[in-house]
Every structure is written in structure tokens, then in C-alpha cells.
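Participant: Quick one, entry.cif (mmCIF, C-alpha atoms; chains and numbers go by the auth columns):
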```
data_query
#
loop_
_atom_site.group_PDB
_atom_site.id
_atom_site.type_symbol
_atom_site.label_atom_id
_atom_site.label_comp_id
_atom_site.label_asym_id
_atom_site.label_seq_id
_atom_site.Cartn_x
_atom_site.Cartn_y
_atom_site.Cartn_z
_atom_site.B_iso_or_equiv
_atom_site.auth_seq_id
_atom_site.auth_asym_id
ATOM 1 C CA VAL A 1 0.000 0.000 0.000 0.00 1 P
ATOM 2 C CA ASN A 2 2.893 2.367 0.689 0.00 2 P
ATOM 3 C CA ASP A 3 4.386 1.779 -2.766 0.00 3 P
ATOM 4 C CA PRO A 4 4.304 5.091 -4.689 0.00 4 P
ATOM 5 C CA ARG A 5 2.921 3.278 -7.753 0.00 5 P
ATOM 6 C CA VAL A 6 0.017 1.900 -5.729 0.00 6 P
ATOM 7 C CA GLN A 7 -0.648 5.364 -4.296 0.00 7 P
ATOM 8 C CA ALA A 8 -0.535 6.938 -7.774 0.00 8 P
ATOM 9 C CA ASP A 9 -2.933 4.339 -9.171 0.00 9 P
ATOM 10 C CA GLY A 10 -5.245 4.883 -6.212 0.00 10 P
ATOM 11 C CA GLN A 11 -5.303 8.614 -6.918 0.00 11 P
ATOM 12 C CA ARG A 12 -6.135 7.952 -10.577 0.00 12 P
ATOM 13 C CA VAL A 13 -9.103 5.779 -9.588 0.00 13 P
ATOM 14 C CA LEU A 14 -10.352 8.375 -7.089 0.00 14 P
ATOM 15 C CA GLN A 15 -9.994 11.187 -9.638 0.00 15 P
ATOM 16 C CA ALA A 16 -11.840 9.171 -12.285 0.00 16 P
ATOM 17 C CA LEU A 17 -14.809 8.653 -9.954 0.00 17 P
ATOM 18 C CA GLN A 18 -14.837 12.346 -9.037 0.00 18 P
ATOM 19 C CA ALA A 19 -14.715 13.350 -12.715 0.00 19 P
ATOM 20 C CA PHE A 20 -17.540 10.956 -13.623 0.00 20 P
ATOM 21 C CA ARG A 21 -19.700 12.290 -10.790 0.00 21 P
ATOM 22 C CA ALA A 22 -18.979 15.888 -11.822 0.00 22 P
ATOM 23 C CA GLU A 23 -19.937 15.184 -15.435 0.00 23 P
ATOM 24 C CA HIS A 24 -22.938 12.884 -14.923 0.00 24 P
ATOM 25 C CA GLY A 25 -24.226 13.780 -11.457 0.00 25 P
ATOM 26 C CA PHE A 26 -24.198 10.197 -10.198 0.00 26 P
ATOM 27 C CA GLY A 27 -21.879 7.270 -9.555 0.00 27 P
ATOM 28 C CA ARG A 28 -21.197 5.657 -6.198 0.00 28 P
ATOM 29 C CA ALA A 29 -18.076 3.695 -7.087 0.00 29 P
ATOM 30 C CA THR A 30 -15.648 2.561 -9.745 0.00 30 P
ATOM 31 C CA ALA A 31 -13.127 -0.263 -9.881 0.00 31 P
ATOM 32 C CA ALA A 32 -9.546 0.137 -11.068 0.00 32 P
ATOM 33 C CA PRO A 33 -9.859 -2.429 -13.920 0.00 33 P
ATOM 34 C CA GLN A 34 -12.631 -0.300 -15.476 0.00 34 P
ATOM 35 C CA LEU A 35 -9.905 2.289 -16.068 0.00 35 P
ATOM 36 C CA GLY A 36 -7.301 -0.159 -17.338 0.00 36 P
ATOM 37 C CA ILE A 37 -5.513 -0.208 -13.968 0.00 37 P
ATOM 38 C CA GLN A 38 -4.807 -3.809 -13.055 0.00 38 P
ATOM 39 C CA ARG A 39 -5.084 -3.482 -9.298 0.00 39 P
ATOM 40 C CA ARG A 40 -7.682 -4.669 -6.806 0.00 40 P
ATOM 41 C CA MET A 41 -8.919 -1.181 -5.896 0.00 41 P
ATOM 42 C CA ILE A 42 -12.343 0.399 -5.645 0.00 42 P
ATOM 43 C CA ALA A 43 -13.012 4.125 -5.283 0.00 43 P
ATOM 44 C CA LEU A 44 -16.157 4.807 -3.252 0.00 44 P
ATOM 45 C CA CYS A 45 -18.342 7.794 -2.596 0.00 45 P
ATOM 46 C CA LEU A 46 -20.314 6.549 0.411 0.00 46 P
ATOM 47 C CA PRO A 47 -20.752 8.199 3.816 0.00 47 P
ATOM 48 C CA ASP A 48 -18.668 6.652 6.611 0.00 48 P
ATOM 49 C CA TRP A 49 -16.519 4.597 4.237 0.00 49 P
ATOM 50 C CA PRO A 50 -12.904 5.080 3.191 0.00 50 P
ATOM 51 C CA ALA A 51 -12.582 6.662 -0.254 0.00 51 P
ATOM 52 C CA LEU A 52 -10.433 3.790 -1.537 0.00 52 P
ATOM 53 C CA LEU A 53 -10.718 0.061 -0.831 0.00 53 P
ATOM 54 C CA ILE A 54 -7.628 -2.016 -1.577 0.00 54 P
ATOM 55 C CA ASN A 55 -7.779 -5.804 -1.958 0.00 55 P
ATOM 56 C CA PRO A 56 -11.421 -6.048 -0.885 0.00 56 P
ATOM 57 C CA GLU A 57 -12.773 -9.530 -0.354 0.00 57 P
ATOM 58 C CA ILE A 58 -16.179 -10.860 0.514 0.00 58 P
ATOM 59 C CA VAL A 59 -15.814 -12.977 3.651 0.00 59 P
ATOM 60 C CA TRP A 60 -19.496 -13.787 4.163 0.00 60 P
ATOM 61 C CA SER A 61 -22.657 -13.701 2.031 0.00 61 P
ATOM 62 C CA SER A 62 -26.230 -14.054 3.222 0.00 62 P
ATOM 63 C CA ASP A 63 -28.337 -16.915 1.931 0.00 63 P
ATOM 64 C CA THR A 64 -31.081 -14.377 1.272 0.00 64 P
ATOM 65 C CA THR A 65 -30.870 -12.827 -2.189 0.00 65 P
ATOM 66 C CA VAL A 66 -32.406 -9.881 -4.003 0.00 66 P
ATOM 67 C CA THR A 67 -33.050 -9.198 -7.664 0.00 67 P
ATOM 68 C CA LEU A 68 -32.445 -5.731 -9.054 0.00 68 P
ATOM 69 C CA TRP A 69 -31.840 -3.769 -12.219 0.00 69 P
ATOM 70 C CA ASP A 70 -28.101 -3.153 -12.191 0.00 70 P
ATOM 71 C CA ASP A 71 -26.415 -0.386 -14.138 0.00 71 P
ATOM 72 C CA CYS A 72 -22.760 0.238 -14.814 0.00 72 P
ATOM 73 C CA MET A 73 -20.434 2.961 -16.037 0.00 73 P
ATOM 74 C CA CYS A 74 -19.143 0.440 -18.599 0.00 74 P
ATOM 75 C CA PHE A 75 -22.508 0.427 -20.397 0.00 75 P
ATOM 76 C CA PRO A 76 -24.417 3.511 -19.184 0.00 76 P
ATOM 77 C CA SER A 77 -27.341 3.080 -21.592 0.00 77 P
ATOM 78 C CA LEU A 78 -28.186 -0.461 -20.399 0.00 78 P
ATOM 79 C CA LEU A 79 -29.710 -2.024 -17.285 0.00 79 P
ATOM 80 C CA VAL A 80 -29.329 -5.697 -16.417 0.00 80 P
ATOM 81 C CA ARG A 81 -31.525 -7.795 -14.119 0.00 81 P
ATOM 82 C CA VAL A 82 -29.239 -9.606 -11.674 0.00 82 P
ATOM 83 C CA GLN A 83 -29.482 -11.525 -8.419 0.00 83 P
ATOM 84 C CA ARG A 84 -27.139 -10.742 -5.533 0.00 84 P
ATOM 85 C CA ALA A 85 -26.757 -11.612 -1.861 0.00 85 P
ATOM 86 C CA ALA A 86 -28.914 -9.313 0.265 0.00 86 P
ATOM 87 C CA SER A 87 -26.030 -8.790 2.694 0.00 87 P
ATOM 88 C CA ILE A 88 -22.296 -9.420 2.752 0.00 88 P
ATOM 89 C CA SER A 89 -19.305 -8.857 5.000 0.00 89 P
ATOM 90 C CA VAL A 90 -16.109 -7.481 3.465 0.00 90 P
ATOM 91 C CA ARG A 91 -12.481 -7.173 4.488 0.00 91 P
ATOM 92 C CA PHE A 92 -10.134 -4.594 2.908 0.00 92 P
ATOM 93 C CA LEU A 93 -7.346 -2.062 3.393 0.00 93 P
ATOM 94 C CA ASP A 94 -7.746 1.665 2.932 0.00 94 P
ATOM 95 C CA GLN A 95 -5.235 3.836 1.061 0.00 95 P
ATOM 96 C CA TYR A 96 -3.203 4.246 4.267 0.00 96 P
ATOM 97 C CA GLY A 97 -2.919 0.520 4.957 0.00 97 P
ATOM 98 C CA THR A 98 -5.495 0.381 7.752 0.00 98 P
ATOM 99 C CA ARG A 99 -7.339 -2.958 7.843 0.00 99 P
ATOM 100 C CA TYR A 100 -11.122 -3.000 8.001 0.00 100 P
ATOM 101 C CA GLU A 101 -13.860 -5.556 8.212 0.00 101 P
ATOM 102 C CA ARG A 102 -17.435 -4.377 7.707 0.00 102 P
ATOM 103 C CA ASN A 103 -20.032 -6.966 8.612 0.00 103 P
ATOM 104 C CA GLU A 104 -23.595 -7.693 7.491 0.00 104 P
ATOM 105 C CA LEU A 105 -23.907 -4.683 5.215 0.00 105 P
ATOM 106 C CA ASP A 106 -27.222 -3.150 4.244 0.00 106 P
ATOM 107 C CA THR A 107 -28.536 -4.295 0.879 0.00 107 P
ATOM 108 C CA ALA A 108 -27.692 -1.107 -1.047 0.00 108 P
ATOM 109 C CA THR A 109 -24.048 -1.201 0.044 0.00 109 P
ATOM 110 C CA ALA A 110 -23.837 -4.985 -0.341 0.00 110 P
ATOM 111 C CA GLU A 111 -25.095 -4.970 -3.929 0.00 111 P
ATOM 112 C CA LEU A 112 -22.760 -2.108 -4.849 0.00 112 P
ATOM 113 C CA LEU A 113 -19.685 -3.826 -3.427 0.00 113 P
ATOM 114 C CA GLN A 114 -20.603 -7.146 -5.057 0.00 114 P
ATOM 115 C CA HIS A 115 -20.850 -5.295 -8.379 0.00 115 P
ATOM 116 C CA GLU A 116 -17.469 -3.596 -7.915 0.00 116 P
ATOM 117 C CA ILE A 117 -15.706 -6.724 -6.637 0.00 117 P
ATOM 118 C CA ASP A 118 -17.076 -8.524 -9.694 0.00 118 P
ATOM 119 C CA HIS A 119 -15.175 -5.969 -11.807 0.00 119 P
ATOM 120 C CA LEU A 120 -11.993 -6.874 -9.922 0.00 120 P
ATOM 121 C CA ASP A 121 -12.649 -10.508 -10.849 0.00 121 P
ATOM 122 C CA GLY A 122 -13.350 -9.751 -14.525 0.00 122 P
ATOM 123 C CA VAL A 123 -17.121 -10.257 -14.202 0.00 123 P
ATOM 124 C CA LEU A 124 -19.641 -7.783 -15.648 0.00 124 P
ATOM 125 C CA ALA A 125 -23.312 -7.415 -14.756 0.00 125 P
ATOM 126 C CA VAL A 126 -24.230 -8.902 -18.152 0.00 126 P
ATOM 127 C CA ASP A 127 -22.420 -12.084 -17.060 0.00 127 P
ATOM 128 C CA ARG A 128 -24.889 -12.337 -14.154 0.00 128 P
ATOM 129 C CA ALA A 129 -28.071 -11.573 -16.136 0.00 129 P
ATOM 130 C CA ILE A 130 -31.078 -13.628 -14.998 0.00 130 P
ATOM 131 C CA GLY A 131 -34.587 -14.341 -16.174 0.00 131 P
ATOM 132 C CA PRO A 132 -36.327 -13.719 -19.475 0.00 132 P
ATOM 133 C CA GLU A 133 -35.413 -10.463 -21.197 0.00 133 P
ATOM 134 C CA PRO A 134 -32.773 -9.554 -18.606 0.00 134 P
ATOM 135 C CA LEU A 135 -31.394 -6.561 -20.556 0.00 135 P
ATOM 136 C CA VAL A 136 -33.192 -3.270 -21.137 0.00 136 P
ATOM 137 C CA SER A 137 -32.104 0.071 -22.529 0.00 137 P
ATOM 138 C CA ARG A 138 -32.125 2.912 -20.019 0.00 138 P
ATOM 139 C CA THR A 139 -34.527 4.825 -22.285 0.00 139 P
ATOM 140 C CA THR A 140 -37.051 1.963 -22.362 0.00 140 P
ATOM 141 C CA PHE A 141 -36.635 1.412 -18.624 0.00 141 P
ATOM 142 C CA GLU A 142 -37.407 5.062 -17.874 0.00 142 P
ATOM 143 C CA GLN A 143 -40.414 5.040 -20.229 0.00 143 P
ATOM 144 C CA GLN A 144 -41.870 1.908 -18.590 0.00 144 P
ATOM 145 C CA ARG A 145 -40.362 2.219 -15.115 0.00 145 P
ATOM 146 C CA ALA A 146 -43.305 0.729 -13.169 0.00 146 P
ATOM 147 C CA TYR A 147 -43.417 -2.321 -15.452 0.00 147 P
ATOM 148 C CA PHE A 148 -39.710 -3.054 -14.988 0.00 148 P
ATOM 149 C CA LEU A 149 -39.697 -2.409 -11.242 0.00 149 P
ATOM 150 C CA GLU A 150 -42.411 -5.054 -10.819 0.00 150 P
ATOM 151 C CA GLN A 151 -39.844 -7.597 -12.059 0.00 151 P
ATOM 152 C CA VAL A 152 -37.411 -7.089 -9.150 0.00 152 P
ATOM 153 C CA ASP A 153 -37.600 -7.030 -5.370 0.00 153 P
ATOM 154 C CA PHE A 154 -34.922 -4.417 -4.628 0.00 154 P
ATOM 155 C CA VAL A 155 -34.470 -0.905 -5.986 0.00 155 P
ATOM 156 C CA PRO A 156 -31.287 0.947 -4.958 0.00 156 P
ATOM 157 C CA ALA A 157 -31.966 4.485 -3.761 0.00 157 P
#
```
Give the structure from this file in C-alpha cells form.
Facilitator:
Amino acid sequence: VNDPRVQADGQRVLQALQAFRAEHGFGRATAAPQLGIQRRMIALCLPDWPALLINPEIVWSSDTTVTLWDDCMCFPSLLVRVQRAASISVRFLDQYGTRYERNELDTATAELLQHEIDHLDGVLAVDRAIGPEPLVSRTTFEQQRAYFLEQVDFVPA
């Protein structure tokens, strides 16, 4: 973590998330591989969380699952119906090398971190698509929002 190259890459990931949020007005996280940086890092914009997670790992997943329409900066005009654990526990380092373990996360945070950790493992939301017609354009989704929300049991805020 104290390697200057790791620190520089961490800053690039943080700056990319900040730039995306400034341009688009949304975005809770991004993973280093999305930017061509081959490190296990996630930049986050969540209250009470470190800005950068290094080497995050899921150490527990609930048996309870949720289905949701997932979106991604990699394909901003598409939503994908996926199923994820309703809660997880994660272990990680922050950019200063401090170790953390956050247990039994709320569903919104759990689904976000599962999505980002998937990026670290080379998995995209489209790889986890479930059910009939699991892909929808953002335009169609917004035009028929109620119809599509009936197909899932969790809607991130």
C-alpha cells in the first residue's frame, strides 16, 4: 500500500470517480480495472466509508438474495436484471494501509460492493443476467419504469 505506484494508481481511480460524478451527477463507485488499472482497488463515494478500498474480499454472504436492475459505467445506456446476496461482510485495506472488516452490510451497500468486486474478478453485470429479457435500454426502462420495477424485489436508492 505504501508503494508510490500503488498510491498513484489509487489517486487515478479516485480522480476518475470524481470526474464521472462531476460530469454525470451520479456514480457511487468505480473499480480500477474499469480504467485499465490492473489493481484490486475500488473508489467509493459513500458516507462513513474510506474513499479507496484495496484488496477487498467478501468474507461472508447471506443466503437471502435480491433481484435488481443493475447499471454500470461500462454500459451507461443499459440495465441488467441480476441476483445478488442481500447482505455481505467485506475485508479490505484503505489507502493508508489500515485494515477494516465491515459486517452484514445493508442491501444497497452490499449490492454495490458485489458489483465492484465482480469488476476486480473480470465479471460484468451482463455475465450475471437472470430471467427472461434480462437486458433493457435505459430509455425503455425510464419510459416503462413501473413495469420493470415489478420484475425485481430491490431498488437501490
Participant: What residues come out when you apply the PyMOL selection byres ((chain P and resi 97-112) around 8) to this file, written as a PDB file with C-alpha atoms, in the frame of the given file?
Facilitator:
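The new file selection-v9.pdb reads:
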```pdb
ATOM      1  CA  VAL P   1       0.000   0.000   0.000  1.00  0.00           C
ATOM      2  CA  ASN P   2       2.893   2.367   0.689  1.00  0.00           C
ATOM      3  CA  ALA P  29     -18.076   3.695  -7.087  1.00  0.00           C
ATOM      4  CA  ARG P  84     -27.139 -10.742  -5.533  1.00  0.00           C
ATOM      5  CA  ALA P  85     -26.757 -11.612  -1.861  1.00  0.00           C
ATOM      6  CA  ALA P  86     -28.914  -9.313   0.265  1.00  0.00           C
ATOM      7  CA  SER P  87     -26.030  -8.790   2.694  1.00  0.00           C
ATOM      8  CA  ILE P  88     -22.296  -9.420   2.752  1.00  0.00           C
ATOM      9  CA  SER P  89     -19.305  -8.857   5.000  1.00  0.00           C
ATOM     10  CA  VAL P  90     -16.109  -7.481   3.465  1.00  0.00           C
ATOM     11  CA  ARG P  91     -12.481  -7.173   4.488  1.00  0.00           C
ATOM     12  CA  PHE P  92     -10.134  -4.594   2.908  1.00  0.00           C
ATOM     13  CA  LEU P  93      -7.346  -2.062   3.393  1.00  0.00           C
ATOM     14  CA  ASP P  94      -7.746   1.665   2.932  1.00  0.00           C
ATOM     15  CA  GLN P  95      -5.235   3.836   1.061  1.00  0.00           C
ATOM     16  CA  TYR P  96      -3.203   4.246   4.267  1.00  0.00           C
ATOM     17  CA  LEU P 113     -19.685  -3.826  -3.427  1.00  0.00           C
ATOM     18  CA  GLN P 114     -20.603  -7.146  -5.057  1.00  0.00           C
ATOM     19  CA  HIS P 115     -20.850  -5.295  -8.379  1.00  0.00           C
ATOM     20  CA  GLU P 116     -17.469  -3.596  -7.915  1.00  0.00           C
ATOM     21  CA  PRO P 156     -31.287   0.947  -4.958  1.00  0.00           C
ATOM     22  CA  ALA P 157     -31.966   4.485  -3.761  1.00  0.00           C
TER      23      ALA P 157
END
```
Participant: Between P:Ile117, P:Val80, P:Met73, P:Val126, which one has atoms that come closest to Arg21 (chain P), using only C-alpha atoms?
Facilitator: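 Among the listed residues, the smallest separation from Arg21 (chain P) belongs to P:Met73.
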Participant: Report, in Å to a single decimal, how far apart CA of Arg81 (chain P) and CA of Arg128 (chain P) are.
Facilitator: 8.0 Å
Participant: Using only C-alpha atoms, what does the table of region 31-107 of chain P residues within 6 Å of region 135-153 of chain P look like, with each row giving the shortest atom pair and its distance in Å to one decimal, sorted by chain and ascending number, as JSON lines?
Facilitator:
```
{"residue": "P:Thr67", "atom": "CA", "partner": "P:Val152", "partner_atom": "CA", "distance": 5.1}
{"residue": "P:Leu68", "atom": "CA", "partner": "P:Val152", "partner_atom": "CA", "distance": 5.1}
{"residue": "P:Ser77", "atom": "CA", "partner": "P:Arg138", "partner_atom": "CA", "distance": 5.0}
{"residue": "P:Leu78", "atom": "CA", "partner": "P:Ser137", "partner_atom": "CA", "distance": 4.5}
{"residue": "P:Leu79", "atom": "CA", "partner": "P:Val136", "partner_atom": "CA", "distance": 5.3}
{"residue": "P:Val80", "atom": "CA", "partner": "P:Leu135", "partner_atom": "CA", "distance": 4.7}
```
Participant: Counting all atoms listed in the file, which residue out of P:Val155, P:Ala43, P:Val6, P:Ile58 sits closest to Ala19 (chain P)?
Facilitator: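 Going through P:Val155, P:Ala43, P:Val6, P:Ile58 one by one, the smallest distance to Ala19 (chain P) is for P:Ala43.
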Participant: Write out N, CA and C atoms for region 53-66 of chain P, as a PDB file, in the frame of the given file.
Facilitator:
```
ATOM      1  N   LEU P  53     -10.835   1.404  -1.398  1.00  0.00           N
ATOM      2  CA  LEU P  53     -10.718   0.061  -0.831  1.00  0.00           C
ATOM      3  C   LEU P  53      -9.661  -0.687  -1.629  1.00  0.00           C
ATOM      4  N   ILE P  54      -8.705  -1.264  -0.927  1.00  0.00           N
ATOM      5  CA  ILE P  54      -7.628  -2.016  -1.577  1.00  0.00           C
ATOM      6  C   ILE P  54      -7.752  -3.482  -1.166  1.00  0.00           C
ATOM      7  N   ASN P  55      -7.657  -4.358  -2.156  1.00  0.00           N
ATOM      8  CA  ASN P  55      -7.779  -5.804  -1.958  1.00  0.00           C
ATOM      9  C   ASN P  55      -9.043  -6.195  -1.190  1.00  0.00           C
ATOM     10  N   PRO P  56     -10.199  -5.661  -1.589  1.00  0.00           N
ATOM     11  CA  PRO P  56     -11.421  -6.048  -0.885  1.00  0.00           C
ATOM     12  C   PRO P  56     -11.778  -7.500  -1.176  1.00  0.00           C
ATOM     13  N   GLU P  57     -12.305  -8.159  -0.161  1.00  0.00           N
ATOM     14  CA  GLU P  57     -12.773  -9.530  -0.354  1.00  0.00           C
ATOM     15  C   GLU P  57     -14.054  -9.738   0.436  1.00  0.00           C
ATOM     16  N   ILE P  58     -14.937 -10.494  -0.158  1.00  0.00           N
ATOM     17  CA  ILE P  58     -16.179 -10.860   0.514  1.00  0.00           C
ATOM     18  C   ILE P  58     -15.867 -12.056   1.403  1.00  0.00           C
ATOM     19  N   VAL P  59     -16.125 -11.906   2.707  1.00  0.00           N
ATOM     20  CA  VAL P  59     -15.814 -12.977   3.651  1.00  0.00           C
ATOM     21  C   VAL P  59     -17.069 -13.690   4.149  1.00  0.00           C
ATOM     22  N   TRP P  60     -18.225 -13.163   3.813  1.00  0.00           N
ATOM     23  CA  TRP P  60     -19.496 -13.787   4.163  1.00  0.00           C
ATOM     24  C   TRP P  60     -20.570 -13.239   3.237  1.00  0.00           C
ATOM     25  N   SER P  61     -21.496 -14.104   2.833  1.00  0.00           N
ATOM     26  CA  SER P  61     -22.657 -13.701   2.031  1.00  0.00           C
ATOM     27  C   SER P  61     -23.905 -14.309   2.645  1.00  0.00           C
ATOM     28  N   SER P  62     -24.964 -13.534   2.701  1.00  0.00           N
ATOM     29  CA  SER P  62     -26.230 -14.054   3.222  1.00  0.00           C
ATOM     30  C   SER P  62     -26.812 -15.080   2.254  1.00  0.00           C
ATOM     31  N   ASP P  63     -27.602 -15.981   2.781  1.00  0.00           N
ATOM     32  CA  ASP P  63     -28.337 -16.915   1.931  1.00  0.00           C
ATOM     33  C   ASP P  63     -29.500 -16.214   1.240  1.00  0.00           C
ATOM     34  N   THR P  64     -29.987 -15.157   1.850  1.00  0.00           N
ATOM     35  CA  THR P  64     -31.081 -14.377   1.272  1.00  0.00           C
ATOM     36  C   THR P  64     -30.542 -13.581   0.087  1.00  0.00           C
ATOM     37  N   THR P  65     -31.293 -13.567  -1.003  1.00  0.00           N
ATOM     38  CA  THR P  65     -30.870 -12.827  -2.189  1.00  0.00           C
ATOM     39  C   THR P  65     -31.923 -11.793  -2.577  1.00  0.00           C
ATOM     40  N   VAL P  66     -31.502 -10.878  -3.425  1.00  0.00           N
ATOM     41  CA  VAL P  66     -32.406  -9.881  -4.003  1.00  0.00           C
ATOM     42  C   VAL P  66     -32.171  -9.850  -5.507  1.00  0.00           C
TER      43      VAL P  66
END
```
